[in-house]
Amino acid sequence: MESLARIESFVRSAETGSFSAAARLLGLTPAGVSKNVAMLERALGVRLFHRSTRRLTLTEAGESFLLEVSDGLNSVQAAVANASRQRDKPAGVLRVSLAFAFGQQYILPLLARFMEQYPDIQPDWRFENRQVDLVNEGLDAAIGGGIDLAPGVVARELARAQLVTVASPGFLANKPLPVVPQDLLGWDGIMRRSSNTGRIQPWHLQTITGELVVVEPRPRVILNDPEAICQAAASGLGVGLVPHSHALPYLQQGQLIRLLPQWCYDAGPVSIYFASAKMLPAKTRVFVDFIVAHFRQEKLAQKFSAW
């Protein structure tokens, strides 16, 4: 950028015939323009101007250099201006990774309204249950939980992922309701396989006061997606441990019943991740603000809370 400033000082001085006139165009002092030109001459090892008290005139080397750089300077300035406009205008392809079930249930329904509000943005969304590398995979944003905060990546929390135990009314028929987590031992469990380790995950449950218990029901079905676990539980296949946000529609419709209401497990935040806010593209900035505002307006963090 220093070299560009020196070249621009030279070109404007050559066009106007004086450092003072060039300074007015560039918003610099005449001394600053003169210094830029002198440093450029020093770097090139040639004199570009004949200087007098009345006017600047180009040397032969200066005339040749002006012919070679004028078009290039105009192209660079146009590119810089276009980049600035692109930064300020919400436009372009918006690449987002979303946790599969959470994204489909709570983010995808917002897509039409977002596109209506920002018609120049083209969403390219990927629904997947895995750790993503925001920077190396060329993603603008990601929504989910447990994503590592690599250098240059920041997160804004949307809600907490609190896991609750659920089962269908049919499965619970003629069964005494559990009072403590240990009562689930021996029950058919719809277990989840970790996408990262491939292992079946035991159930961690705790009270609001912090008492923690680990239980492992008998694995009846093994799945790797919370929405699939909800559907399997609603079909009467066993007890499932799922985020409260996924269970809510089933609980409200009576397809599932929450067990052990004093117990749940806080698995951490569900967040929207994006590159550092410094020089954040407008398309990403408006998407982040849109999602955060929706969660705040709908009070989803409170609705998803299991306590």
# chains A, B, ... in the order shown; residues from 1 in each chain; ligands from 1
$ closest_atom_pairs --of "stretch 89-125 of chain A" --to "stretch 158-178 of chain A" --cutoff "12 Å" --atoms "only C-alpha atoms" --output "tab-separated table"
residue	atom	partner	partner_atom	distance
A:Phe102	CA	A:Ala161	CA	10.4
A:Tyr106	CA	A:Leu158	CA	11.4
A:Ile107	CA	A:Leu158	CA	11.7
$ write_last_selection --atoms "N, CA and C atoms" --output "compact mmCIF listing (two decimals), in the first residue's frame"
# COMPACT_ATOMS: atom_id res chain seq x y z
N PHE A 102 -31.06 -29.34 14.01
CA PHE A 102 -31.31 -27.99 14.50
C PHE A 102 -31.47 -27.03 13.33
N TYR A 106 -35.01 -25.09 12.93
CA TYR A 106 -35.10 -23.71 13.42
C TYR A 106 -34.48 -22.66 12.50
N ILE A 107 -33.61 -23.05 11.57
CA ILE A 107 -32.98 -22.06 10.71
C ILE A 107 -33.57 -22.07 9.30
$ closest_atom_pairs --of "stretch 91-154 of chain A" --to "stretch 267-282 of chain A" --cutoff "9 Å" --atoms "only C-alpha atoms" --output "Markdown table"
| residue | atom | partner | partner_atom | distance |
| --- | --- | --- | --- | --- |
| A:Ala91 | CA | A:Ala282 | CA | 7.3 |
| A:Leu134 | CA | A:Phe274 | CA | 7.3 |
| A:Val135 | CA | A:Ala275 | CA | 7.6 |
| A:Leu139 | CA | A:Phe274 | CA | 8.2 |
| A:Asp140 | CA | A:Phe274 | CA | 6.1 |
| A:Ala141 | CA | A:Phe274 | CA | 4.5 |
| A:Ala142 | CA | A:Tyr273 | CA | 5.1 |
| A:Ile143 | CA | A:Ile272 | CA | 4.5 |
| A:Gly144 | CA | A:Val270 | CA | 5.1 |
| A:Gly145 | CA | A:Val270 | CA | 4.6 |
| A:Gly146 | CA | A:Gly268 | CA | 7.3 |
| A:Ile147 | CA | A:Tyr273 | CA | 8.1 |
| A:Leu149 | CA | A:Tyr273 | CA | 8.4 |
| A:Pro151 | CA | A:Ser276 | CA | 8.8 |
| A:Gly152 | CA | A:Ser276 | CA | 5.1 |
| A:Val153 | CA | A:Ala275 | CA | 4.4 |
| A:Val154 | CA | A:Phe274 | CA | 5.7 |
$ write_last_selection --atoms "C-alpha atoms" --output "short mmCIF file (atom, residue, chain, number, x, y, z; two decimals), in the first residue's frame"
data_model
loop_
_atom_site.label_atom_id
_atom_site.label_comp_id
_atom_site.auth_asym_id
_atom_site.auth_seq_id
_atom_site.Cartn_x
_atom_site.Cartn_y
_atom_site.Cartn_z
CA ALA A 91 -24.41 -9.75 -1.88
CA LEU A 134 -14.60 -22.47 9.10
CA VAL A 135 -11.46 -20.94 7.59
CA LEU A 139 -17.33 -21.15 5.10
CA ASP A 140 -18.83 -17.78 5.94
CA ALA A 141 -20.62 -19.04 9.06
CA ALA A 142 -21.66 -22.16 10.94
CA ILE A 143 -24.46 -22.88 13.41
CA GLY A 144 -24.22 -25.68 15.93
CA GLY A 145 -22.43 -26.71 19.08
CA GLY A 146 -18.96 -27.74 20.07
CA ILE A 147 -17.08 -26.11 17.19
CA LEU A 149 -12.69 -21.58 18.14
CA PRO A 151 -7.69 -18.33 15.51
CA GLY A 152 -9.75 -15.67 13.76
CA VAL A 153 -13.11 -17.34 14.53
CA VAL A 154 -15.62 -15.90 16.99
#
$ select_by_dssp --residues "stretch 56-213 of chain A" --states "strand (DSSP E or B)" --output "ChimeraX atom specification"
/A:56-58,92-98,121-127,141-145,153-167,188-193,200,203-206,212-213
$ atom_distance --atom1 "atom CA of A:Gln253" --atom2 "atom CA of A:Trp187"
23.9 Å
$ closest_residue --among "A:Val179, A:Val292, A:Leu94, A:Ala99" --to "A:Pro119" --atoms "only C-alpha atoms"
A:Leu94
$ residues_around --residues "A:Leu48" --least-positions-apart "2" --cutoff "9 Å" --atoms "only C-alpha atoms" --output "PyMOL selection string"
chain A and resi 10+37-38+40-41+46+50+57-63+65
$ write_last_selection --atoms "N, CA and C atoms" --output "short mmCIF file (atom, residue, chain, number, x, y, z; two decimals), in the first residue's frame"
data_model
loop_
_atom_site.label_atom_id
_atom_site.label_comp_id
_atom_site.auth_asym_id
_atom_site.auth_seq_id
_atom_site.Cartn_x
_atom_site.Cartn_y
_atom_site.Cartn_z
N PHE A 10 2.92 10.29 -7.61
CA PHE A 10 3.65 10.61 -8.83
C PHE A 10 2.70 10.88 -9.99
N VAL A 37 6.97 11.08 -3.77
CA VAL A 37 7.64 11.03 -5.06
C VAL A 37 9.13 10.82 -4.88
N ALA A 38 9.73 11.51 -3.92
CA ALA A 38 11.17 11.36 -3.67
C ALA A 38 11.51 9.93 -3.28
N LEU A 40 9.80 7.27 -4.10
CA LEU A 40 9.63 6.44 -5.28
C LEU A 40 10.86 6.55 -6.19
N GLU A 41 11.35 7.77 -6.37
CA GLU A 41 12.56 7.97 -7.18
C GLU A 41 13.74 7.21 -6.58
N VAL A 46 15.96 6.40 -10.30
CA VAL A 46 15.94 7.36 -11.41
C VAL A 46 15.20 8.61 -10.95
N HIS A 50 11.81 17.03 -13.37
CA HIS A 50 12.66 18.21 -13.25
C HIS A 50 11.87 19.18 -12.38
N THR A 57 8.18 19.22 -14.44
CA THR A 57 8.18 18.64 -15.78
C THR A 57 8.80 17.25 -15.68
N LEU A 58 8.27 16.32 -16.47
CA LEU A 58 8.73 14.95 -16.42
C LEU A 58 10.08 14.80 -17.11
N THR A 59 10.93 13.99 -16.56
CA THR A 59 12.14 13.58 -17.23
C THR A 59 11.77 12.52 -18.26
N GLU A 60 12.70 12.11 -19.08
CA GLU A 60 12.44 11.05 -20.05
C GLU A 60 12.04 9.77 -19.34
N ALA A 61 12.76 9.46 -18.25
CA ALA A 61 12.42 8.27 -17.47
C ALA A 61 11.03 8.42 -16.85
N GLY A 62 10.69 9.66 -16.42
CA GLY A 62 9.39 9.92 -15.84
C GLY A 62 8.27 9.72 -16.83
N GLU A 63 8.49 10.17 -18.09
CA GLU A 63 7.47 10.00 -19.13
C GLU A 63 7.23 8.52 -19.41
N PHE A 65 7.82 5.97 -17.38
CA PHE A 65 7.20 5.35 -16.21
C PHE A 65 5.71 5.69 -16.13
#
$ residues_around --residues "A:Leu66" --least-positions-apart "6" --cutoff "12 Å" --atoms "only C-alpha atoms" --output "number ranges by chain"
A: 7-15, 48-49, 58-60, 72-74
$ write_last_selection --atoms "N, CA and C atoms" --output "CSV table (one decimal), in the first residue's frame"
chain,number,residue,atom,x,y,z
A,7,ILE,N,3.2,5.8,-6.0
A,7,ILE,CA,2.9,5.8,-7.4
A,7,ILE,C,1.7,6.8,-7.7
A,8,GLU,N,0.7,6.8,-6.8
A,8,GLU,CA,-0.4,7.7,-7.0
A,8,GLU,C,0.0,9.1,-6.9
A,9,SER,N,0.9,9.4,-5.9
A,9,SER,CA,1.4,10.8,-5.8
A,9,SER,C,2.1,11.2,-7.0
A,10,PHE,N,2.9,10.3,-7.6
A,10,PHE,CA,3.7,10.6,-8.8
A,10,PHE,C,2.7,10.9,-10.0
A,11,VAL,N,1.7,10.0,-10.2
A,11,VAL,CA,0.8,10.1,-11.3
A,11,VAL,C,0.0,11.4,-11.2
A,12,ARG,N,-0.5,11.7,-10.1
A,12,ARG,CA,-1.3,12.9,-9.9
A,12,ARG,C,-0.5,14.2,-10.0
A,13,SER,N,0.7,14.1,-9.6
A,13,SER,CA,1.7,15.3,-9.8
A,13,SER,C,2.0,15.5,-11.2
A,14,ALA,N,2.2,14.4,-12.0
A,14,ALA,CA,2.5,14.5,-13.4
A,14,ALA,C,1.3,15.1,-14.1
A,15,GLU,N,0.1,14.7,-13.7
A,15,GLU,CA,-1.2,15.1,-14.4
A,15,GLU,C,-1.4,16.6,-14.2
A,48,LEU,N,12.4,11.3,-11.7
A,48,LEU,CA,11.1,11.3,-12.5
A,48,LEU,C,10.7,12.7,-12.9
A,49,PHE,N,11.1,13.7,-12.1
A,49,PHE,CA,10.7,15.1,-12.4
A,49,PHE,C,11.9,16.0,-12.5
A,58,LEU,N,8.3,16.3,-16.5
A,58,LEU,CA,8.7,14.9,-16.4
A,58,LEU,C,10.1,14.8,-17.1
A,59,THR,N,10.9,14.0,-16.6
A,59,THR,CA,12.1,13.6,-17.2
A,59,THR,C,11.8,12.5,-18.3
A,60,GLU,N,12.7,12.1,-19.1
A,60,GLU,CA,12.4,11.1,-20.0
A,60,GLU,C,12.0,9.8,-19.3
A,72,GLY,N,-2.4,0.9,-15.2
A,72,GLY,CA,-2.4,-0.1,-14.1
A,72,GLY,C,-3.0,0.6,-12.8
A,73,LEU,N,-2.6,1.8,-12.5
A,73,LEU,CA,-3.1,2.5,-11.3
A,73,LEU,C,-4.6,2.6,-11.4
A,74,ASN,N,-5.1,3.0,-12.5
A,74,ASN,CA,-6.6,3.2,-12.7
A,74,ASN,C,-7.3,1.8,-12.4
$ atom_distance --atom1 "atom CA of A:Trp263" --atom2 "atom CA of A:Tyr250"
18.6 Å
$ residues_around --residues "A:Val215" --least-positions-apart "5" --cutoff "7 Å" --atoms "only C-alpha atoms" --output "list in words"
Pro181, Gln182, Leu185, Pro202, Trp203 and His204 of chain A
$ select_by_dssp --residues "stretch 24-272 of chain A" --states "alpha helix (DSSP H)" --output "ChimeraX atom specification"
/A:24-26,30-44,60-88,100-102,111-117,169-172,226-234,244-252
$ closest_residue --among "A:Leu111, A:Pro30, A:Glu68, A:Ile222" --to "A:Leu237" --atoms "only C-alpha atoms"
A:Ile222
$ residues_around --residues "stretch 224-229 of chain A" --least-positions-apart "6" --cutoff "9 Å" --atoms "only C-alpha atoms" --output "list in words"
Phe100, Ala101, Phe102, Asn129, Ile190, Met191, Arg192, Arg193, Ser194, Ser195, Val239, Gly240, Leu241, Val242, Pro243, His246 and Ala247 of chain A
$ write_last_selection --atoms "N, CA and C atoms" --output "CSV table (one decimal), in the first residue's frame"
chain,number,residue,atom,x,y,z
A,100,PHE,N,-27.5,-30.7,11.5
A,100,PHE,CA,-28.5,-31.2,10.6
A,100,PHE,C,-30.0,-30.9,11.2
A,101,ALA,N,-30.3,-31.5,12.3
A,101,ALA,CA,-31.7,-31.4,12.8
A,101,ALA,C,-32.0,-30.0,13.3
A,102,PHE,N,-31.1,-29.3,14.0
A,102,PHE,CA,-31.3,-28.0,14.5
A,102,PHE,C,-31.5,-27.0,13.3
A,129,ASN,N,-23.7,-33.1,10.6
A,129,ASN,CA,-23.4,-33.3,12.1
A,129,ASN,C,-21.9,-33.6,12.2
A,190,ILE,N,-32.6,-45.6,23.4
A,190,ILE,CA,-32.3,-45.2,22.0
A,190,ILE,C,-31.0,-44.4,22.1
A,191,MET,N,-29.9,-45.0,21.9
A,191,MET,CA,-28.6,-44.4,22.2
A,191,MET,C,-28.0,-43.7,21.0
A,192,ARG,N,-27.1,-42.8,21.2
A,192,ARG,CA,-26.5,-42.0,20.2
A,192,ARG,C,-25.1,-42.4,20.0
A,193,ARG,N,-24.7,-42.5,18.8
A,193,ARG,CA,-23.3,-42.8,18.5
A,193,ARG,C,-22.6,-41.4,18.2
A,194,SER,N,-21.4,-41.2,18.8
A,194,SER,CA,-20.7,-40.0,18.6
A,194,SER,C,-20.2,-39.9,17.1
A,195,SER,N,-20.4,-38.7,16.5
A,195,SER,CA,-19.9,-38.5,15.1
A,195,SER,C,-18.4,-38.4,15.1
A,239,VAL,N,-36.4,-45.2,25.4
A,239,VAL,CA,-36.2,-43.9,26.0
A,239,VAL,C,-35.0,-43.3,25.3
A,240,GLY,N,-35.2,-42.0,25.0
A,240,GLY,CA,-34.1,-41.2,24.3
A,240,GLY,C,-33.6,-40.1,25.1
A,241,LEU,N,-32.4,-39.7,24.9
A,241,LEU,CA,-31.8,-38.5,25.5
A,241,LEU,C,-31.5,-37.5,24.4
A,242,VAL,N,-32.2,-36.4,24.4
A,242,VAL,CA,-32.2,-35.5,23.2
A,242,VAL,C,-32.2,-34.0,23.7
A,243,PRO,N,-31.7,-33.1,22.9
A,243,PRO,CA,-31.8,-31.7,23.3
A,243,PRO,C,-33.2,-31.3,23.4
A,246,HIS,N,-35.1,-30.0,20.4
A,246,HIS,CA,-35.6,-31.0,19.4
A,246,HIS,C,-36.9,-31.7,20.0
A,247,ALA,N,-36.9,-31.9,21.3
A,247,ALA,CA,-38.1,-32.6,21.9
A,247,ALA,C,-39.3,-31.7,21.9
$ closest_residue --among "A:Ser245, A:Gln255, A:Ser20, A:Ser64" --to "A:Leu300" --atoms "only C-alpha atoms"
A:Ser245
$ residues_around --residues "A:Phe114" --least-positions-apart "6" --cutoff "10 Å" --atoms "only C-alpha atoms" --output "list in words"
Leu108, Ile121, Pro123, Val286, Phe287, Phe290 and Ile291 of chain A
